[in-house]
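File shown: start.cif. Contents: mmCIF, C-alpha atoms.
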```
data_final
loop_
_atom_site.group_PDB
_atom_site.id
_atom_site.type_symbol
_atom_site.label_atom_id
_atom_site.label_comp_id
_atom_site.auth_asym_id
_atom_site.auth_seq_id
_atom_site.Cartn_x
_atom_site.Cartn_y
_atom_site.Cartn_z
ATOM 1 C CA MET J 1 13.894 16.757 19.495
ATOM 2 C CA ILE J 2 10.856 14.674 18.614
ATOM 3 C CA GLU J 3 7.407 15.825 19.705
ATOM 4 C CA THR J 4 3.757 15.905 18.770
ATOM 5 C CA ALA J 5 3.185 18.035 15.671
ATOM 6 C CA LYS J 6 1.789 21.521 16.183
ATOM 7 C CA THR J 7 -0.315 23.721 13.938
ATOM 8 C CA GLU J 8 2.711 25.486 12.444
ATOM 9 C CA ASP J 9 4.244 22.133 11.391
ATOM 10 C CA GLY J 10 1.593 21.659 8.692
ATOM 11 C CA ASP J 11 3.463 23.519 5.979
ATOM 12 C CA PRO J 12 6.828 21.782 6.572
ATOM 13 C CA ILE J 13 5.074 18.389 6.724
ATOM 14 C CA LYS J 14 3.339 18.972 3.405
ATOM 15 C CA ASP J 15 6.558 20.369 1.941
ATOM 16 C CA ILE J 16 8.629 17.370 3.079
ATOM 17 C CA THR J 17 6.059 14.953 1.647
ATOM 18 C CA ALA J 18 6.230 16.688 -1.725
ATOM 19 C CA LYS J 19 10.050 16.853 -1.681
ATOM 20 C CA ALA J 20 10.594 13.261 -0.501
ATOM 21 C CA GLY J 21 10.604 12.091 -4.097
ATOM 22 C CA VAL J 22 8.757 8.810 -3.566
ATOM 23 C CA PHE J 23 5.153 9.960 -3.183
ATOM 24 C CA SER J 24 2.665 10.455 -6.000
ATOM 25 C CA GLN J 25 0.557 13.621 -6.185
ATOM 26 C CA GLU J 26 -2.378 11.554 -4.849
ATOM 27 C CA GLU J 27 -0.273 10.531 -1.842
ATOM 28 C CA VAL J 28 0.901 14.102 -1.238
ATOM 29 C CA ASP J 29 -2.762 15.196 -1.335
ATOM 30 C CA CYS J 30 -3.650 12.370 1.065
ATOM 31 C CA VAL J 31 -1.088 13.574 3.642
ATOM 32 C CA ARG J 32 -2.471 17.118 3.268
ATOM 33 C CA ASP J 33 -6.037 15.838 3.818
ATOM 34 C CA ILE J 34 -5.276 13.782 6.921
ATOM 35 C CA TRP J 35 -3.174 16.645 8.310
ATOM 36 C CA GLU J 36 -6.187 18.965 7.945
ATOM 37 C CA GLU J 37 -8.385 16.350 9.654
ATOM 38 C CA TYR J 38 -5.859 15.966 12.473
ATOM 39 C CA LEU J 39 -5.713 19.726 12.906
ATOM 40 C CA SER J 40 -9.500 20.192 12.869
ATOM 41 C CA PHE J 41 -10.599 17.228 14.959
ATOM 42 C CA GLY J 42 -7.523 16.049 16.869
ATOM 43 C CA ALA J 43 -5.599 12.798 17.002
ATOM 44 C CA ASP J 44 -8.011 10.878 19.222
ATOM 45 C CA SER J 45 -11.045 11.540 17.078
ATOM 46 C CA THR J 46 -9.365 11.003 13.682
ATOM 47 C CA GLY J 47 -6.954 8.229 14.645
ATOM 48 C CA TYR J 48 -4.068 10.104 12.991
ATOM 49 C CA HIS J 49 -1.151 10.968 15.257
ATOM 50 C CA PHE J 50 1.595 13.182 13.814
ATOM 51 C CA ILE J 51 5.039 13.567 15.332
ATOM 52 C CA VAL J 52 7.928 15.683 14.042
ATOM 53 C CA GLU J 53 11.638 15.876 14.630
ATOM 54 C CA ARG J 54 12.935 19.420 15.005
ATOM 55 C CA GLN J 55 16.560 20.468 14.458
ATOM 56 C CA GLU J 56 17.404 24.071 15.321
ATOM 57 C CA GLY J 57 13.787 25.036 14.833
ATOM 58 C CA ARG J 58 13.385 23.330 11.467
ATOM 59 C CA VAL J 59 11.254 20.222 10.901
ATOM 60 C CA SER J 60 13.673 17.535 9.676
ATOM 61 C CA GLY J 61 11.042 14.822 9.269
ATOM 62 C CA PHE J 62 7.672 13.553 10.400
ATOM 63 C CA ALA J 63 5.753 10.366 11.013
ATOM 64 C CA CYS J 64 2.051 9.603 11.230
ATOM 65 C CA TYR J 65 0.744 6.526 12.999
ATOM 66 C CA GLY J 66 -2.555 5.285 14.365
ATOM 67 C CA TYR J 67 -4.380 2.432 16.040
ATOM 68 C CA ARG J 68 -5.875 -0.181 13.724
ATOM 69 C CA ASP J 69 -9.542 -0.639 14.582
ATOM 70 C CA LEU J 70 -10.762 -4.057 15.698
ATOM 71 C CA THR J 71 -7.314 -5.285 16.702
ATOM 72 C CA ASP J 72 -5.772 -5.865 20.082
ATOM 73 C CA GLY J 73 -2.755 -3.571 20.014
ATOM 74 C CA VAL J 74 -1.918 -3.157 16.330
ATOM 75 C CA TYR J 75 -0.766 0.224 15.053
ATOM 76 C CA ASP J 76 -0.256 1.390 11.484
ATOM 77 C CA LEU J 77 2.673 3.539 10.505
ATOM 78 C CA PHE J 78 0.829 5.510 7.844
ATOM 79 C CA TRP J 79 3.563 7.902 6.759
ATOM 80 C CA ILE J 80 7.186 8.615 7.499
ATOM 81 C CA ALA J 81 9.295 11.080 5.539
ATOM 82 C CA VAL J 82 12.540 12.988 5.977
ATOM 83 C CA ASP J 83 13.503 16.352 4.524
ATOM 84 C CA PRO J 84 16.105 15.616 1.800
ATOM 85 C CA GLY J 85 18.348 18.263 3.440
ATOM 86 C CA PHE J 86 18.557 16.042 6.544
ATOM 87 C CA ARG J 87 19.125 12.668 4.857
ATOM 88 C CA ARG J 88 21.723 10.182 6.184
ATOM 89 C CA ASP J 89 21.456 11.731 9.608
ATOM 90 C CA GLY J 90 19.283 9.008 11.184
ATOM 91 C CA VAL J 91 16.122 11.149 11.248
ATOM 92 C CA GLY J 92 13.926 8.341 9.880
ATOM 93 C CA ARG J 93 15.304 5.836 12.354
ATOM 94 C CA ARG J 94 14.768 8.217 15.290
ATOM 95 C CA LEU J 95 11.187 8.935 14.178
ATOM 96 C CA LEU J 96 10.479 5.226 13.785
ATOM 97 C CA THR J 97 11.929 4.458 17.231
ATOM 98 C CA ALA J 98 9.823 7.271 18.703
ATOM 99 C CA CYS J 99 6.659 5.771 17.149
ATOM 100 C CA GLU J 100 7.559 2.356 18.534
ATOM 101 C CA ASP J 101 8.186 3.777 22.003
ATOM 102 C CA ILE J 102 4.820 5.561 21.972
ATOM 103 C CA VAL J 103 3.026 2.446 20.722
ATOM 104 C CA ARG J 104 4.656 0.368 23.472
ATOM 105 C CA THR J 105 3.507 2.929 26.038
ATOM 106 C CA LEU J 106 -0.024 2.612 24.681
ATOM 107 C CA GLY J 107 0.116 -1.166 25.133
ATOM 108 C CA GLY J 108 0.588 -1.857 21.439
ATOM 109 C CA ARG J 109 2.297 -5.074 20.416
ATOM 110 C CA MET J 110 2.609 -4.775 16.638
ATOM 111 C CA ILE J 111 3.368 -2.101 14.053
ATOM 112 C CA ILE J 112 2.400 -2.465 10.408
ATOM 113 C CA ALA J 113 4.101 -0.472 7.664
ATOM 114 C CA GLU J 114 2.732 -0.918 4.186
ATOM 115 C CA THR J 115 4.835 0.074 1.208
ATOM 116 C CA SER J 116 5.307 -0.555 -2.455
ATOM 117 C CA GLY J 117 7.338 -3.324 -4.073
ATOM 118 C CA LYS J 118 8.552 -1.015 -6.851
ATOM 119 C CA PRO J 119 12.275 -0.270 -7.353
ATOM 120 C CA LEU J 120 11.633 3.374 -6.322
ATOM 121 C CA TYR J 121 10.879 2.090 -2.808
ATOM 122 C CA GLU J 122 13.937 -0.117 -2.437
ATOM 123 C CA ALA J 123 15.539 2.270 0.070
ATOM 124 C CA THR J 124 12.256 2.348 2.023
ATOM 125 C CA ARG J 125 12.114 -1.444 2.180
ATOM 126 C CA ALA J 126 15.795 -1.621 3.186
ATOM 127 C CA PHE J 127 15.050 0.920 5.929
ATOM 128 C CA TYR J 128 12.322 -1.283 7.432
ATOM 129 C CA LEU J 129 14.417 -4.446 7.114
ATOM 130 C CA GLY J 130 17.298 -2.652 8.811
ATOM 131 C CA THR J 131 15.138 -1.558 11.739
ATOM 132 C CA GLY J 132 13.723 -4.935 12.702
ATOM 133 C CA TYR J 133 10.685 -5.176 10.443
ATOM 134 C CA LYS J 134 9.897 -8.272 8.421
ATOM 135 C CA ALA J 135 8.159 -8.365 5.056
ATOM 136 C CA GLU J 136 5.413 -10.777 6.108
ATOM 137 C CA ALA J 137 2.994 -10.459 3.192
ATOM 138 C CA VAL J 138 2.849 -9.376 -0.420
ATOM 139 C CA ILE J 139 -0.249 -8.682 -2.517
ATOM 140 C CA LYS J 140 0.775 -8.692 -6.184
ATOM 141 C CA ASP J 141 -0.341 -5.753 -8.355
ATOM 142 C CA PHE J 142 -2.080 -4.101 -5.427
ATOM 143 C CA TYR J 143 -1.445 -0.388 -5.957
ATOM 144 C CA SER J 144 -1.563 -0.924 -9.724
ATOM 145 C CA ALA J 145 -0.428 -3.507 -12.270
ATOM 146 C CA GLY J 146 3.231 -4.182 -11.492
ATOM 147 C CA ASP J 147 3.098 -2.321 -8.176
ATOM 148 C CA ASP J 148 2.835 -4.784 -5.297
ATOM 149 C CA LEU J 149 1.843 -4.116 -1.713
ATOM 150 C CA VAL J 150 4.504 -5.243 0.778
ATOM 151 C CA ILE J 151 3.388 -5.462 4.402
ATOM 152 C CA PHE J 152 6.181 -5.002 6.926
ATOM 153 C CA VAL J 153 5.537 -6.071 10.502
ATOM 154 C CA LYS J 154 7.402 -5.457 13.716
ATOM 155 C CA ARG J 155 6.363 -7.283 16.866
ATOM 156 C CA LEU J 156 7.205 -5.175 19.889
ATOM 157 C CA MET I 1 -33.749 -8.280 -4.978
ATOM 158 C CA ILE I 2 -30.441 -6.584 -4.184
ATOM 159 C CA GLU I 3 -30.275 -2.810 -3.964
ATOM 160 C CA THR I 4 -28.584 0.095 -2.231
ATOM 161 C CA ALA I 5 -29.493 0.182 1.457
ATOM 162 C CA LYS I 6 -32.098 2.716 2.547
ATOM 163 C CA THR I 7 -32.623 4.499 5.844
ATOM 164 C CA GLU I 8 -35.078 1.872 7.114
ATOM 165 C CA ASP I 9 -32.535 -0.917 6.525
ATOM 166 C CA GLY I 10 -30.386 0.301 9.418
ATOM 167 C CA ASP I 11 -32.160 -1.687 12.108
ATOM 168 C CA PRO I 12 -32.181 -4.985 10.184
ATOM 169 C CA ILE I 13 -28.517 -4.505 9.249
ATOM 170 C CA LYS I 14 -27.529 -3.960 12.878
ATOM 171 C CA ASP I 15 -29.752 -6.849 13.931
ATOM 172 C CA ILE I 16 -28.236 -9.233 11.372
ATOM 173 C CA THR I 17 -24.715 -8.268 12.419
ATOM 174 C CA ALA I 18 -25.513 -9.054 16.040
ATOM 175 C CA LYS I 19 -27.264 -12.336 15.158
ATOM 176 C CA ALA I 20 -24.613 -13.559 12.706
ATOM 177 C CA GLY I 21 -22.747 -15.231 15.535
ATOM 178 C CA VAL I 22 -19.227 -14.474 14.338
ATOM 179 C CA PHE I 23 -18.800 -10.813 15.237
ATOM 180 C CA SER I 24 -17.539 -9.451 18.531
ATOM 181 C CA GLN I 25 -19.382 -6.630 20.293
ATOM 182 C CA GLU I 26 -16.662 -4.263 19.059
ATOM 183 C CA GLU I 27 -17.354 -5.380 15.483
ATOM 184 C CA VAL I 28 -21.123 -5.026 15.933
ATOM 185 C CA ASP I 29 -20.521 -1.497 17.240
ATOM 186 C CA CYS I 30 -18.237 -0.780 14.290
ATOM 187 C CA VAL I 31 -20.969 -1.730 11.785
ATOM 188 C CA ARG I 32 -23.404 0.512 13.688
ATOM 189 C CA ASP I 33 -20.938 3.407 13.567
ATOM 190 C CA ILE I 34 -20.166 3.165 9.869
ATOM 191 C CA TRP I 35 -23.891 2.741 9.121
ATOM 192 C CA GLU I 36 -24.586 6.005 10.954
ATOM 193 C CA GLU I 37 -21.775 7.705 9.018
ATOM 194 C CA TYR I 38 -23.143 6.348 5.725
ATOM 195 C CA LEU I 39 -26.615 7.597 6.616
ATOM 196 C CA SER I 40 -25.423 11.036 7.701
ATOM 197 C CA PHE I 41 -22.856 11.786 5.029
ATOM 198 C CA GLY I 42 -23.553 9.394 2.156
ATOM 199 C CA ALA I 43 -21.532 6.675 0.445
ATOM 200 C CA ASP I 44 -19.365 8.948 -1.691
ATOM 201 C CA SER I 45 -18.183 11.074 1.194
ATOM 202 C CA THR I 46 -17.620 8.230 3.686
ATOM 203 C CA GLY I 47 -16.420 5.547 1.270
ATOM 204 C CA TYR I 48 -18.861 3.039 2.777
ATOM 205 C CA HIS I 49 -21.371 1.559 0.341
ATOM 206 C CA PHE I 50 -24.123 -0.631 1.786
ATOM 207 C CA ILE I 51 -26.272 -3.004 -0.249
ATOM 208 C CA VAL I 52 -29.029 -5.302 1.001
ATOM 209 C CA GLU I 53 -30.896 -8.309 -0.328
ATOM 210 C CA ARG I 54 -34.624 -8.150 0.279
ATOM 211 C CA GLN I 55 -36.919 -11.190 0.309
ATOM 212 C CA GLU I 56 -40.649 -10.449 0.589
ATOM 213 C CA GLY I 57 -39.894 -7.132 2.209
ATOM 214 C CA ARG I 58 -37.411 -8.525 4.748
ATOM 215 C CA VAL I 59 -33.667 -7.860 4.671
ATOM 216 C CA SER I 60 -32.031 -11.288 4.273
ATOM 217 C CA GLY I 61 -28.468 -9.998 4.301
ATOM 218 C CA PHE I 62 -26.211 -7.059 3.603
ATOM 219 C CA ALA I 63 -22.750 -6.189 2.372
ATOM 220 C CA CYS I 64 -20.579 -3.123 2.761
ATOM 221 C CA TYR I 65 -17.732 -2.343 0.388
ATOM 222 C CA GLY I 66 -15.603 0.647 -0.535
ATOM 223 C CA TYR I 67 -12.718 1.893 -2.623
ATOM 224 C CA ARG I 68 -9.237 1.547 -1.101
ATOM 225 C CA ASP I 69 -7.509 4.913 -1.190
ATOM 226 C CA LEU I 70 -4.257 5.269 -3.115
ATOM 227 C CA THR I 71 -4.869 2.187 -5.264
ATOM 228 C CA ASP I 72 -5.797 1.848 -8.884
ATOM 229 C CA GLY I 73 -9.059 -0.084 -8.727
ATOM 230 C CA VAL I 74 -8.898 -1.983 -5.424
ATOM 231 C CA TYR I 75 -12.046 -2.343 -3.348
ATOM 232 C CA ASP I 76 -12.451 -3.670 0.174
ATOM 233 C CA LEU I 77 -15.320 -5.888 1.147
ATOM 234 C CA PHE I 78 -15.668 -4.561 4.687
ATOM 235 C CA TRP I 79 -18.670 -6.562 5.860
ATOM 236 C CA ILE I 80 -20.981 -9.263 4.599
ATOM 237 C CA ALA I 81 -23.578 -11.002 6.768
ATOM 238 C CA VAL I 82 -26.706 -13.084 6.281
ATOM 239 C CA ASP I 83 -29.731 -13.341 8.557
ATOM 240 C CA PRO I 84 -29.522 -16.811 10.171
ATOM 241 C CA GLY I 85 -33.160 -17.364 9.090
ATOM 242 C CA PHE I 86 -32.041 -17.185 5.445
ATOM 243 C CA ARG I 87 -28.916 -19.356 5.660
ATOM 244 C CA ARG I 88 -28.120 -21.966 2.996
ATOM 245 C CA ASP I 89 -30.168 -20.026 0.486
ATOM 246 C CA GLY I 90 -27.268 -18.462 -1.413
ATOM 247 C CA VAL I 91 -27.817 -14.968 0.026
ATOM 248 C CA GLY I 92 -24.124 -14.440 0.778
ATOM 249 C CA ARG I 93 -23.071 -15.581 -2.650
ATOM 250 C CA ARG I 94 -25.613 -13.296 -4.362
ATOM 251 C CA LEU I 95 -24.491 -10.313 -2.264
ATOM 252 C CA LEU I 96 -20.849 -11.054 -3.062
ATOM 253 C CA THR I 97 -21.596 -11.343 -6.785
ATOM 254 C CA ALA I 98 -23.529 -8.070 -6.639
ATOM 255 C CA CYS I 99 -20.524 -6.336 -5.019
ATOM 256 C CA GLU I 100 -18.227 -7.741 -7.692
ATOM 257 C CA ASP I 101 -20.555 -6.604 -10.489
ATOM 258 C CA ILE I 102 -20.701 -3.081 -9.045
ATOM 259 C CA VAL I 103 -16.926 -2.957 -8.576
ATOM 260 C CA ARG I 104 -16.416 -4.091 -12.191
ATOM 261 C CA THR I 105 -18.790 -1.355 -13.352
ATOM 262 C CA LEU I 106 -16.716 1.170 -11.405
ATOM 263 C CA GLY I 107 -13.575 -0.008 -13.186
ATOM 264 C CA GLY I 108 -12.318 -1.976 -10.178
ATOM 265 C CA ARG I 109 -9.935 -4.852 -10.785
ATOM 266 C CA MET I 110 -9.443 -6.366 -7.337
ATOM 267 C CA ILE I 111 -11.508 -7.087 -4.228
ATOM 268 C CA ILE I 112 -9.924 -7.639 -0.828
ATOM 269 C CA ALA I 113 -11.753 -9.456 1.956
ATOM 270 C CA GLU I 114 -9.974 -9.621 5.290
ATOM 271 C CA THR I 115 -11.025 -12.194 7.843
ATOM 272 C CA SER I 116 -9.797 -14.111 10.826
ATOM 273 C CA GLY I 117 -7.882 -17.373 10.830
ATOM 274 C CA LYS I 118 -9.744 -18.663 13.886
ATOM 275 C CA PRO I 119 -11.827 -21.854 13.741
ATOM 276 C CA LEU I 120 -14.999 -19.759 14.238
ATOM 277 C CA TYR I 121 -14.380 -18.264 10.788
ATOM 278 C CA GLU I 122 -13.804 -21.538 8.951
ATOM 279 C CA ALA I 123 -17.164 -21.274 7.152
ATOM 280 C CA THR I 124 -16.319 -17.689 6.169
ATOM 281 C CA ARG I 125 -12.968 -18.736 4.725
ATOM 282 C CA ALA I 126 -14.581 -21.669 2.884
ATOM 283 C CA PHE I 127 -17.151 -19.212 1.495
ATOM 284 C CA TYR I 128 -14.427 -17.009 -0.015
ATOM 285 C CA LEU I 129 -12.445 -19.978 -1.338
ATOM 286 C CA GLY I 130 -15.639 -21.319 -2.918
ATOM 287 C CA THR I 131 -16.370 -18.046 -4.672
ATOM 288 C CA GLY I 132 -13.049 -17.557 -6.427
ATOM 289 C CA TYR I 133 -11.026 -15.774 -3.733
ATOM 290 C CA LYS I 134 -7.508 -16.804 -2.829
ATOM 291 C CA ALA I 135 -5.896 -16.504 0.594
ATOM 292 C CA GLU I 136 -2.884 -14.493 -0.560
ATOM 293 C CA ALA I 137 -1.479 -13.306 2.754
ATOM 294 C CA VAL I 138 -1.518 -14.102 6.447
ATOM 295 C CA ILE I 139 -0.333 -11.896 9.310
ATOM 296 C CA LYS I 140 0.106 -14.093 12.379
ATOM 297 C CA ASP I 141 -1.502 -12.939 15.649
ATOM 298 C CA PHE I 142 -2.909 -9.827 13.985
ATOM 299 C CA TYR I 143 -6.308 -9.379 15.643
ATOM 300 C CA SER I 144 -4.925 -10.777 18.884
ATOM 301 C CA ALA I 145 -2.540 -13.508 20.021
ATOM 302 C CA GLY I 146 -3.659 -16.672 18.213
ATOM 303 C CA ASP I 147 -6.000 -14.774 15.900
ATOM 304 C CA ASP I 148 -4.390 -14.328 12.481
ATOM 305 C CA LEU I 149 -5.413 -11.965 9.711
ATOM 306 C CA VAL I 150 -6.121 -13.781 6.429
ATOM 307 C CA ILE I 151 -6.309 -11.585 3.333
ATOM 308 C CA PHE I 152 -8.470 -13.007 0.559
ATOM 309 C CA VAL I 153 -8.087 -11.529 -2.902
ATOM 310 C CA LYS I 154 -10.178 -11.847 -6.059
ATOM 311 C CA ARG I 155 -8.872 -10.385 -9.293
ATOM 312 C CA LEU I 156 -11.794 -9.368 -11.493
#
```

Take the structure from the file and write it as structure tokens.
Amino acid sequence: MIETAKTEDGDPIKDITAKAGVFSQEEVDCVRDIWEEYLSFGADSTGYHFIVERQEGRVSGFACYGYRDLTDGVYDLFWIAVDPGFRRDGVGRRLLTACEDIVRTLGGRMIIAETSGKPLYEATRAFYLGTGYKAEAVIKDFYSAGDDLVIFVKRL
Amino acid sequence: MIETAKTEDGDPIKDITAKAGVFSQEEVDCVRDIWEEYLSFGADSTGYHFIVERQEGRVSGFACYGYRDLTDGVYDLFWIAVDPGFRRDGVGRRLLTACEDIVRTLGGRMIIAETSGKPLYEATRAFYLGTGYKAEAVIKDFYSAGDDLVIFVKRL
């Protein structure tokens, strides 16, 4: 079951981010910070919307998306991560589809997912390519020297 | 003289944004909102740094830049605008150079300036190309149908 994240999902979300194995400490801290913002001020005011998938009461994965200011219907997929104990079960794909369905409902027409060009993120890039996203832009050495930004786009 | 924007620069900054002739009402409102945030909470806490050029006591133009989270030394140039009464005087170029000098001092290695691919922004794009920026990425129909995002990059 996928639904809007509740207060008690904070710990599993932070735990999954740390365990995912692809995020730096700075990124783990960033998820923690935007979760706290979301919890304190709500999705509408912060622009961060968290959803979780629950399996038998446990959070198997989460996603965080939000409207990109100054665009007509563009949404960013900020974060998506799956608990390693639930890998290869389609959790990521179901969360992504849920985000897309919500964005469509909101009148959105495009989702942007930014990720790294490093080998560590090859599975992430394959995931987006396998779910209908296209790598439409690359900024060389963006995150750091040797670590490119790859911008994946899906037109809904 | 270029310096950090002060409280009294808010009105001229908002006025210049409205008069610039290239920004939508939503964009004008966005500059107003981030100015108010900057004024209330400061540059370090909001991530929005405003500088102005002053000529004989009048604000001739302003720029707003900030560090891009989760990168090693990437800065966004969020806004740059010149009072139409001071056009063709090199104000924009001096503000851009000032931003670049500050970013270098902060250890930054890259500046990103995002703009539109529409004909209305042709002068803006020519400005970036003429000051050492390269159009490294385009996302078609980003802002709206027919209005592409063009990402200009300068490596410092």

Produce a table with one row for each residue of chain I that has an atom at most 9 Å from any atom of chain J, each row naming the nearest atom pair and its distance in Å at one decimal; use only C-alpha atoms; arrange rows by chain and rising residue number; format as CSV.
```
residue,atom,partner,partner_atom,distance
I:Glu26,CA,J:Leu70,CA,6.8
I:Glu27,CA,J:Leu70,CA,6.7
I:Cys30,CA,J:Leu70,CA,8.3
I:Asp69,CA,J:Cys30,CA,8.7
I:Leu70,CA,J:Glu27,CA,6.7
I:Thr71,CA,J:Tyr143,CA,4.3
I:Asp72,CA,J:Ser144,CA,5.1
I:Gly73,CA,J:Ser144,CA,7.6
I:Val74,CA,J:Phe142,CA,7.1
I:Met110,CA,J:Phe142,CA,7.9
I:Glu136,CA,J:Ile139,CA,6.7
I:Ala137,CA,J:Ala137,CA,5.3
I:Val138,CA,J:Ala137,CA,6.7
I:Ile139,CA,J:Glu136,CA,6.7
I:Lys140,CA,J:Glu136,CA,8.9
I:Phe142,CA,J:Thr71,CA,6.9
I:Tyr143,CA,J:Thr71,CA,4.3
I:Ser144,CA,J:Asp72,CA,5.1
I:Ala145,CA,J:Asp72,CA,8.3
I:Ile151,CA,J:Ile139,CA,8.9
I:Val153,CA,J:Ile139,CA,8.3
```

One number please: CA of Asp148 in chain I to CA of Phe78 in chain I, in Å, one decimal.
16.8 Å

Shell of 9 Å around range 39-44 of chain J, all atoms listed in the file, local chain residues under 3 positions omitted, as a list in words:
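With the cut-off at 9 Å, the set is Lys6, Thr7, Gly10, Ile34, Trp35, Glu36, Gly47, Tyr48, His49, Phe50 and Gly66 of chain J.
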
Using the chain letters and numbering of this document, enumerate as a PyMOL selection string the residues selected by the PyMOL selection byres ((chain I and resi 89-93) around 8).
chain I and resi 53+60-61+80-82+86-88+94-97+131

Can you spell out as a ChimeraX atom specification the set of residues that the PyMOL selection byres ((chain I and resi 22) around 12) selects in the structure I just provided?
/I:16-21,23-28,79-82,84,115-116,118-124

Selected residues written out with C-alpha atoms, as a compact mmCIF listing (two decimals), in the frame of the given file:
```txt
# COMPACT_ATOMS: atom_id res chain seq x y z
CA ILE I 16 -28.24 -9.23 11.37
CA THR I 17 -24.72 -8.27 12.42
CA ALA I 18 -25.51 -9.05 16.04
CA LYS I 19 -27.26 -12.34 15.16
CA ALA I 20 -24.61 -13.56 12.71
CA GLY I 21 -22.75 -15.23 15.54
CA PHE I 23 -18.80 -10.81 15.24
CA SER I 24 -17.54 -9.45 18.53
CA GLN I 25 -19.38 -6.63 20.29
CA GLU I 26 -16.66 -4.26 19.06
CA GLU I 27 -17.35 -5.38 15.48
CA VAL I 28 -21.12 -5.03 15.93
CA TRP I 79 -18.67 -6.56 5.86
CA ILE I 80 -20.98 -9.26 4.60
CA ALA I 81 -23.58 -11.00 6.77
CA VAL I 82 -26.71 -13.08 6.28
CA PRO I 84 -29.52 -16.81 10.17
CA THR I 115 -11.02 -12.19 7.84
CA SER I 116 -9.80 -14.11 10.83
CA LYS I 118 -9.74 -18.66 13.89
CA PRO I 119 -11.83 -21.85 13.74
CA LEU I 120 -15.00 -19.76 14.24
CA TYR I 121 -14.38 -18.26 10.79
CA GLU I 122 -13.80 -21.54 8.95
CA ALA I 123 -17.16 -21.27 7.15
CA THR I 124 -16.32 -17.69 6.17
```

Between CA of Ala135 in chain J and CA of Ile102 in chain J lies a distance of 22.2 Å

What is the distance between CA of Gln55 in chain J and CA of Ala98 in chain J, in Å to one decimal?
15.4 Å

Given only C-alpha atoms as the basis, pick out the residue of I:Asp9, I:Ala63, I:Ile51, I:Leu156 nearest to Leu106 in chain I.
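Residue with the minimum atom-to-atom distance to Leu106 in chain I: I:Leu156.
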
Would you please work out which residue, of I:Leu129, I:Cys99, I:Val52, I:Val150, is nearest to Tyr67 in chain I when using all atoms listed in the file?
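Of all the options, I:Cys99 lies closest to Tyr67 in chain I.
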
Quick one: range 101-115 of chain J with N, CA and C atoms, as a PDB file, in the coordinates of the input?
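New file rebuild-v7.pdb:
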```pdb
ATOM      1  N   ASP J 101       8.215   3.522  20.558  1.00  0.00           N
ATOM      2  CA  ASP J 101       8.186   3.777  22.003  1.00  0.00           C
ATOM      3  C   ASP J 101       6.787   4.221  22.439  1.00  0.00           C
ATOM      4  N   ILE J 102       6.174   5.098  21.644  1.00  0.00           N
ATOM      5  CA  ILE J 102       4.820   5.561  21.972  1.00  0.00           C
ATOM      6  C   ILE J 102       3.837   4.393  21.935  1.00  0.00           C
ATOM      7  N   VAL J 103       3.944   3.589  20.876  1.00  0.00           N
ATOM      8  CA  VAL J 103       3.026   2.446  20.722  1.00  0.00           C
ATOM      9  C   VAL J 103       3.175   1.478  21.893  1.00  0.00           C
ATOM     10  N   ARG J 104       4.425   1.232  22.294  1.00  0.00           N
ATOM     11  CA  ARG J 104       4.656   0.368  23.472  1.00  0.00           C
ATOM     12  C   ARG J 104       3.974   0.947  24.711  1.00  0.00           C
ATOM     13  N   THR J 105       4.118   2.256  24.885  1.00  0.00           N
ATOM     14  CA  THR J 105       3.507   2.929  26.038  1.00  0.00           C
ATOM     15  C   THR J 105       1.990   2.765  26.025  1.00  0.00           C
ATOM     16  N   LEU J 106       1.433   2.743  24.821  1.00  0.00           N
ATOM     17  CA  LEU J 106      -0.024   2.612  24.681  1.00  0.00           C
ATOM     18  C   LEU J 106      -0.478   1.151  24.786  1.00  0.00           C
ATOM     19  N   GLY J 107       0.463   0.246  25.017  1.00  0.00           N
ATOM     20  CA  GLY J 107       0.116  -1.166  25.133  1.00  0.00           C
ATOM     21  C   GLY J 107       0.080  -1.884  23.796  1.00  0.00           C
ATOM     22  N   GLY J 108       0.567  -1.226  22.761  1.00  0.00           N
ATOM     23  CA  GLY J 108       0.588  -1.857  21.439  1.00  0.00           C
ATOM     24  C   GLY J 108       1.619  -2.960  21.365  1.00  0.00           C
ATOM     25  N   ARG J 109       1.375  -3.946  20.513  1.00  0.00           N
ATOM     26  CA  ARG J 109       2.297  -5.074  20.416  1.00  0.00           C
ATOM     27  C   ARG J 109       2.760  -5.312  18.982  1.00  0.00           C
ATOM     28  N   MET J 110       2.235  -4.533  18.037  1.00  0.00           N
ATOM     29  CA  MET J 110       2.609  -4.775  16.638  1.00  0.00           C
ATOM     30  C   MET J 110       2.474  -3.478  15.843  1.00  0.00           C
ATOM     31  N   ILE J 111       3.464  -3.242  14.976  1.00  0.00           N
ATOM     32  CA  ILE J 111       3.368  -2.101  14.053  1.00  0.00           C
ATOM     33  C   ILE J 111       3.399  -2.635  12.628  1.00  0.00           C
ATOM     34  N   ILE J 112       2.501  -2.081  11.820  1.00  0.00           N
ATOM     35  CA  ILE J 112       2.400  -2.465  10.408  1.00  0.00           C
ATOM     36  C   ILE J 112       2.829  -1.272   9.561  1.00  0.00           C
ATOM     37  N   ALA J 113       3.719  -1.517   8.619  1.00  0.00           N
ATOM     38  CA  ALA J 113       4.101  -0.472   7.664  1.00  0.00           C
ATOM     39  C   ALA J 113       3.909  -1.044   6.264  1.00  0.00           C
ATOM     40  N   GLU J 114       2.996  -0.441   5.537  1.00  0.00           N
ATOM     41  CA  GLU J 114       2.732  -0.918   4.186  1.00  0.00           C
ATOM     42  C   GLU J 114       3.509  -0.065   3.196  1.00  0.00           C
ATOM     43  N   THR J 115       4.151  -0.712   2.237  1.00  0.00           N
ATOM     44  CA  THR J 115       4.835   0.074   1.208  1.00  0.00           C
ATOM     45  C   THR J 115       4.772  -0.661  -0.119  1.00  0.00           C
TER      46      THR J 115
END
```
